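J.: Quick one: this structure, given as structure tokens, is what I'll be asking you about.
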Amino acid sequence: MIRSPHTDAEWAAYFYLRYQILRAPWGQPEGSEQTADEAQHLHFAFFNEQNNVMGVGRLDQINAQTAQIRFMAVDAPQQSKGIGKSLIHYMETEAKQKGIQQIILHAREVALPFYQKLGYQLDGPSHLLFDEIQHFLMHKLI
């Protein structure tokens, strides 16, 4: 099931998964997976039958026509099982309901094939995270 976290425990699990996948492998401190503006954005988590967080993603509305997907992460043992795809489709549906016409994202190089399979087009290199993780700007009209 995909929904926003509700309880303090669910929020803690949501942010901890973001940390484990997106920050810890590069020696970043816990807390670096959060931004000061978290409350302004839409958060989604994929919960399994035991109500454990298996995947997460955040949808930021940039303007009336554009949203950005950020902080996509799936628990390592659960990757390649459709969780990320389900999260993307869910966020695209939410964005469409808000009148969004385009979604952008900054994908790590290893994730490019995943996003391309979902219809995202590569625009080019965007930034280098932690001086080693190349990201690429991608977009999709929805």
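Naming works like this for the structure tokens: A, B, ... for the chains as they're shown, residue 1 at the start of each chain, ligands 1 onward in shown order.
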Please identify the helix (DSSP H, G or I) residues within stretch 1-139 of chain A (assignment by DSSP from backbone atoms) and present them as a tab-separated table (two decimals) with N, CA and C atoms, in the first residue's frame.
T.:
```tsv
chain	number	residue	atom	x	y	z
A	8	ASP	N	4.47	8.94	14.29
A	8	ASP	CA	5.88	9.27	14.51
A	8	ASP	C	6.78	8.11	14.10
A	9	ALA	N	6.36	6.88	14.40
A	9	ALA	CA	7.15	5.69	14.05
A	9	ALA	C	7.24	5.53	12.53
A	10	GLU	N	6.15	5.79	11.82
A	10	GLU	CA	6.18	5.70	10.35
A	10	GLU	C	7.09	6.76	9.75
A	11	TRP	N	7.03	7.98	10.30
A	11	TRP	CA	7.92	9.05	9.81
A	11	TRP	C	9.37	8.69	10.07
A	12	ALA	N	9.65	8.14	11.23
A	12	ALA	CA	11.02	7.75	11.56
A	12	ALA	C	11.51	6.68	10.59
A	13	ALA	N	10.66	5.70	10.28
A	13	ALA	CA	11.03	4.63	9.34
A	13	ALA	C	11.22	5.20	7.93
A	14	TYR	N	10.37	6.14	7.55
A	14	TYR	CA	10.46	6.80	6.24
A	14	TYR	C	11.82	7.48	6.08
A	15	PHE	N	12.17	8.32	7.05
A	15	PHE	CA	13.43	9.06	6.96
A	15	PHE	C	14.64	8.13	7.13
A	16	TYR	N	14.51	7.10	7.94
A	16	TYR	CA	15.63	6.19	8.13
A	16	TYR	C	15.95	5.43	6.84
A	17	LEU	N	14.91	5.03	6.10
A	17	LEU	CA	15.16	4.36	4.81
A	17	LEU	C	15.86	5.32	3.84
A	18	ARG	N	15.40	6.56	3.79
A	18	ARG	CA	16.08	7.57	2.96
A	18	ARG	C	17.55	7.66	3.34
A	19	TYR	N	17.81	7.71	4.64
A	19	TYR	CA	19.19	7.80	5.12
A	19	TYR	C	20.00	6.56	4.71
A	20	GLN	N	19.46	5.38	4.99
A	20	GLN	CA	20.18	4.13	4.70
A	20	GLN	C	20.59	4.01	3.24
A	21	ILE	N	19.69	4.37	2.34
A	21	ILE	CA	19.93	4.16	0.92
A	21	ILE	C	20.67	5.34	0.28
A	22	LEU	N	20.30	6.55	0.66
A	22	LEU	CA	20.80	7.73	-0.06
A	22	LEU	C	21.94	8.47	0.62
A	24	ALA	N	23.90	7.07	4.01
A	24	ALA	CA	24.84	6.26	4.80
A	24	ALA	C	25.98	5.65	3.97
A	25	PRO	N	25.71	5.12	2.77
A	25	PRO	CA	26.82	4.51	2.01
A	25	PRO	C	27.96	5.48	1.67
A	26	TRP	N	27.70	6.77	1.76
A	26	TRP	CA	28.72	7.77	1.45
A	26	TRP	C	29.22	8.46	2.72
A	38	GLU	N	10.73	20.09	4.51
A	38	GLU	CA	10.00	18.81	4.37
A	38	GLU	C	8.49	18.99	4.47
A	39	ALA	N	8.02	19.84	5.36
A	39	ALA	CA	6.58	20.00	5.59
A	39	ALA	C	5.85	20.59	4.38
A	40	GLN	N	6.58	21.20	3.47
A	40	GLN	CA	5.95	21.84	2.30
A	40	GLN	C	5.71	20.87	1.14
A	76	ALA	N	17.13	-2.07	0.00
A	76	ALA	CA	17.99	-2.84	-0.89
A	76	ALA	C	17.48	-4.25	-1.20
A	77	PRO	N	17.07	-5.05	-0.20
A	77	PRO	CA	16.58	-6.39	-0.53
A	77	PRO	C	15.27	-6.40	-1.32
A	78	GLN	N	14.58	-5.27	-1.36
A	78	GLN	CA	13.29	-5.18	-2.05
A	78	GLN	C	13.40	-4.58	-3.45
A	83	ILE	N	8.48	-1.98	-6.49
A	83	ILE	CA	8.13	-0.97	-5.49
A	83	ILE	C	8.40	0.43	-6.01
A	84	GLY	N	9.57	0.65	-6.57
A	84	GLY	CA	9.92	1.97	-7.12
A	84	GLY	C	8.98	2.37	-8.24
A	85	LYS	N	8.69	1.43	-9.11
A	85	LYS	CA	7.76	1.69	-10.21
A	85	LYS	C	6.38	2.09	-9.68
A	86	SER	N	5.92	1.37	-8.66
A	86	SER	CA	4.61	1.68	-8.06
A	86	SER	C	4.62	3.08	-7.45
A	87	LEU	N	5.69	3.43	-6.76
A	87	LEU	CA	5.79	4.76	-6.17
A	87	LEU	C	5.76	5.85	-7.24
A	88	ILE	N	6.51	5.65	-8.32
A	88	ILE	CA	6.55	6.64	-9.41
A	88	ILE	C	5.15	6.81	-10.00
A	89	HIS	N	4.49	5.71	-10.31
A	89	HIS	CA	3.15	5.80	-10.88
A	89	HIS	C	2.18	6.51	-9.93
A	90	TYR	N	2.29	6.22	-8.65
A	90	TYR	CA	1.43	6.85	-7.66
A	90	TYR	C	1.67	8.35	-7.63
A	91	MET	N	2.94	8.76	-7.61
A	91	MET	CA	3.26	10.19	-7.57
A	91	MET	C	2.84	10.88	-8.86
A	92	GLU	N	2.96	10.21	-9.99
A	92	GLU	CA	2.50	10.80	-11.25
A	92	GLU	C	1.00	11.03	-11.22
A	93	THR	N	0.25	10.07	-10.67
A	93	THR	CA	-1.20	10.22	-10.56
A	93	THR	C	-1.56	11.39	-9.64
A	94	GLU	N	-0.87	11.49	-8.51
A	94	GLU	CA	-1.09	12.61	-7.59
A	94	GLU	C	-0.80	13.94	-8.29
A	95	ALA	N	0.29	13.99	-9.03
A	95	ALA	CA	0.67	15.21	-9.74
A	95	ALA	C	-0.39	15.60	-10.78
A	96	LYS	N	-0.88	14.61	-11.54
A	96	LYS	CA	-1.92	14.88	-12.56
A	96	LYS	C	-3.16	15.48	-11.90
A	97	GLN	N	-3.54	14.94	-10.75
A	97	GLN	CA	-4.72	15.43	-10.05
A	97	GLN	C	-4.55	16.88	-9.60
A	109	GLU	N	23.32	8.06	-11.97
A	109	GLU	CA	23.62	7.34	-13.21
A	109	GLU	C	23.11	5.91	-13.20
A	110	VAL	N	23.23	5.22	-12.06
A	110	VAL	CA	22.78	3.82	-11.98
A	110	VAL	C	21.27	3.69	-12.14
A	111	ALA	N	20.53	4.78	-11.91
A	111	ALA	CA	19.06	4.72	-11.99
A	111	ALA	C	18.52	5.16	-13.35
A	112	LEU	N	19.38	5.62	-14.25
A	112	LEU	CA	18.90	6.10	-15.55
A	112	LEU	C	18.03	5.06	-16.28
A	113	PRO	N	18.46	3.80	-16.40
A	113	PRO	CA	17.61	2.82	-17.12
A	113	PRO	C	16.24	2.64	-16.46
A	114	PHE	N	16.18	2.69	-15.14
A	114	PHE	CA	14.91	2.56	-14.42
A	114	PHE	C	13.95	3.66	-14.86
A	115	TYR	N	14.41	4.90	-14.81
A	115	TYR	CA	13.54	6.03	-15.17
A	115	TYR	C	13.22	6.05	-16.67
A	116	GLN	N	14.17	5.67	-17.49
A	116	GLN	CA	13.91	5.65	-18.93
A	116	GLN	C	12.82	4.63	-19.27
A	117	LYS	N	12.80	3.49	-18.58
A	117	LYS	CA	11.75	2.49	-18.79
A	117	LYS	C	10.38	3.04	-18.42
```
J.: Write out as a list in words each polymer residue whose atoms come within 7 Å of stretch 54-57 of chain A, counting only C-alpha atoms; drop sequence neighbours fewer than 3 positions from it.
T.: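 Returned residues: Tyr14, His43, Phe44, Ala45, Phe46, Phe47, Asn48, Ile69, Arg70, Phe71, Met72, Ala73, Val74, Asp75, Gln78, Ile83, Gly84 and Leu87 of chain A.
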J.: Take atom CA of A:Gln28 and atom CA of A:His135 and report the distance between them in Å, one decimal.
T.: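 Distance reported for this atom pair: 17.4 Å.
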J.: Report, in Å to a single decimal, how far apart atom CA of A:Arg58 and atom CA of A:Gln102 are.
T.: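 Separation between atom CA of A:Gln102 and atom CA of A:Arg58: 15.3 Å.
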J.: Between atom CA of A:Lys98 and atom CA of A:Thr35, what distance in Å does the model show, to one decimal?
T.: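 Answer for the atom CA of A:Lys98 to atom CA of A:Thr35 separation: 23.0 Å.
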J.: Assign secondary structure with DSSP using the backbone only, and return the residues of chain A in strand (DSSP E or B) as a PyMOL selection string.
T.: chain A and resi 2-3+42-47+53-61+66-74+102-108+121-129+133-141
J.: Keeping N, CA and C atoms, export the residues of the selection given above as a compact mmCIF listing (two decimals), in the first residue's frame.
T.:
```txt
# COMPACT_ATOMS: atom_id res chain seq x y z
N ILE A 2 0.50 2.23 -0.78
CA ILE A 2 1.24 3.49 -0.83
C ILE A 2 0.39 4.59 -0.20
N ARG A 3 1.02 5.31 0.72
CA ARG A 3 0.37 6.44 1.37
C ARG A 3 1.45 7.26 2.08
N LEU A 42 4.93 16.71 -0.57
CA LEU A 42 4.15 15.49 -0.42
C LEU A 42 5.09 14.30 -0.28
N HIS A 43 4.82 13.46 0.72
CA HIS A 43 5.67 12.31 1.02
C HIS A 43 4.87 11.03 0.81
N PHE A 44 5.52 10.04 0.21
CA PHE A 44 4.85 8.77 -0.06
C PHE A 44 5.75 7.62 0.36
N ALA A 45 5.13 6.61 0.95
CA ALA A 45 5.86 5.42 1.37
C ALA A 45 5.09 4.18 0.92
N PHE A 46 5.84 3.18 0.53
CA PHE A 46 5.29 1.87 0.18
C PHE A 46 5.39 1.01 1.43
N PHE A 47 4.24 0.62 1.97
CA PHE A 47 4.18 -0.21 3.16
C PHE A 47 3.86 -1.65 2.77
N VAL A 53 8.05 0.09 6.09
CA VAL A 53 8.34 0.95 4.95
C VAL A 53 9.36 0.25 4.05
N MET A 54 8.98 0.00 2.80
CA MET A 54 9.86 -0.68 1.84
C MET A 54 10.40 0.26 0.77
N GLY A 55 9.75 1.40 0.59
CA GLY A 55 10.18 2.38 -0.41
C GLY A 55 9.61 3.74 -0.07
N VAL A 56 10.32 4.78 -0.53
CA VAL A 56 9.88 6.15 -0.23
C VAL A 56 10.13 7.06 -1.43
N GLY A 57 9.41 8.16 -1.46
CA GLY A 57 9.62 9.19 -2.48
C GLY A 57 8.92 10.46 -2.05
N ARG A 58 9.44 11.58 -2.54
CA ARG A 58 8.87 12.89 -2.20
C ARG A 58 8.52 13.60 -3.50
N LEU A 59 7.39 14.30 -3.51
CA LEU A 59 6.93 15.06 -4.66
C LEU A 59 6.89 16.54 -4.28
N ASP A 60 7.70 17.33 -4.96
CA ASP A 60 7.77 18.77 -4.73
C ASP A 60 7.10 19.49 -5.88
N GLN A 61 6.13 20.34 -5.61
CA GLN A 61 5.53 21.14 -6.67
C GLN A 61 6.41 22.37 -6.89
N THR A 66 4.76 22.16 -13.11
CA THR A 66 5.89 21.25 -12.93
C THR A 66 6.05 20.80 -11.49
N ALA A 67 6.34 19.51 -11.34
CA ALA A 67 6.68 18.94 -10.04
C ALA A 67 8.00 18.20 -10.18
N GLN A 68 8.64 17.96 -9.05
CA GLN A 68 9.91 17.25 -9.04
C GLN A 68 9.81 16.07 -8.09
N ILE A 69 10.26 14.90 -8.55
CA ILE A 69 10.38 13.73 -7.69
C ILE A 69 11.77 13.78 -7.06
N ARG A 70 11.79 13.62 -5.74
CA ARG A 70 13.06 13.66 -5.00
C ARG A 70 13.10 12.52 -3.98
N PHE A 71 14.30 12.21 -3.56
CA PHE A 71 14.53 11.26 -2.46
C PHE A 71 13.86 9.90 -2.68
N MET A 72 13.95 9.39 -3.91
CA MET A 72 13.44 8.04 -4.18
C MET A 72 14.41 7.02 -3.59
N ALA A 73 13.87 6.09 -2.83
CA ALA A 73 14.71 5.03 -2.25
C ALA A 73 13.86 3.80 -2.00
N VAL A 74 14.43 2.65 -2.30
CA VAL A 74 13.78 1.36 -2.03
C VAL A 74 14.75 0.53 -1.21
N GLN A 102 4.21 18.29 -16.12
CA GLN A 102 5.56 17.77 -16.31
C GLN A 102 6.19 17.43 -14.97
N ILE A 103 6.91 16.32 -14.95
CA ILE A 103 7.69 15.95 -13.76
C ILE A 103 9.15 15.93 -14.16
N ILE A 104 9.97 16.54 -13.30
CA ILE A 104 11.41 16.48 -13.48
C ILE A 104 12.02 15.71 -12.31
N LEU A 105 13.24 15.26 -12.50
CA LEU A 105 13.98 14.61 -11.42
C LEU A 105 15.46 14.63 -11.76
N HIS A 106 16.27 14.42 -10.75
CA HIS A 106 17.72 14.32 -10.91
C HIS A 106 18.10 12.90 -10.52
N ALA A 107 18.41 12.07 -11.51
CA ALA A 107 18.68 10.65 -11.29
C ALA A 107 20.17 10.37 -11.20
N ARG A 108 20.50 9.47 -10.30
CA ARG A 108 21.86 8.96 -10.27
C ARG A 108 22.08 8.12 -11.53
N GLN A 121 12.76 11.21 -20.01
CA GLN A 121 13.75 11.51 -21.03
C GLN A 121 14.96 12.18 -20.39
N LEU A 122 16.13 11.80 -20.85
CA LEU A 122 17.38 12.33 -20.33
C LEU A 122 17.66 13.69 -20.95
N ASP A 123 17.89 14.69 -20.09
CA ASP A 123 18.22 16.04 -20.56
C ASP A 123 19.72 16.30 -20.51
N GLY A 124 20.43 15.64 -19.60
CA GLY A 124 21.87 15.82 -19.50
C GLY A 124 22.34 15.84 -18.06
N PRO A 125 23.66 15.93 -17.86
CA PRO A 125 24.20 15.96 -16.49
C PRO A 125 23.69 17.17 -15.73
N SER A 126 23.47 17.00 -14.42
CA SER A 126 22.99 18.12 -13.62
C SER A 126 23.96 18.50 -12.51
N HIS A 127 24.26 17.59 -11.60
CA HIS A 127 25.17 17.93 -10.51
C HIS A 127 25.91 16.69 -10.01
N LEU A 128 26.96 16.92 -9.28
CA LEU A 128 27.77 15.87 -8.69
C LEU A 128 27.56 15.92 -7.17
N LEU A 129 26.99 14.87 -6.60
CA LEU A 129 26.71 14.82 -5.18
C LEU A 129 27.88 14.16 -4.44
N ILE A 133 28.94 11.28 -7.01
CA ILE A 133 27.72 10.66 -7.56
C ILE A 133 27.14 11.60 -8.61
N GLN A 134 27.38 11.27 -9.88
CA GLN A 134 26.86 12.10 -10.97
C GLN A 134 25.35 11.94 -11.06
N HIS A 135 24.65 13.05 -11.15
CA HIS A 135 23.20 13.06 -11.35
C HIS A 135 22.89 13.63 -12.72
N PHE A 136 21.73 13.23 -13.24
CA PHE A 136 21.30 13.65 -14.57
C PHE A 136 19.87 14.18 -14.49
N LEU A 137 19.63 15.31 -15.11
CA LEU A 137 18.28 15.88 -15.18
C LEU A 137 17.47 15.07 -16.18
N MET A 138 16.25 14.71 -15.78
CA MET A 138 15.32 13.97 -16.62
C MET A 138 13.95 14.64 -16.51
N HIS A 139 13.11 14.40 -17.51
CA HIS A 139 11.75 14.94 -17.45
C HIS A 139 10.78 13.99 -18.14
N LYS A 140 9.50 14.20 -17.81
CA LYS A 140 8.42 13.43 -18.43
C LYS A 140 7.18 14.31 -18.47
N LEU A 141 6.55 14.37 -19.61
CA LEU A 141 5.26 15.05 -19.71
C LEU A 141 4.19 14.06 -19.30
```
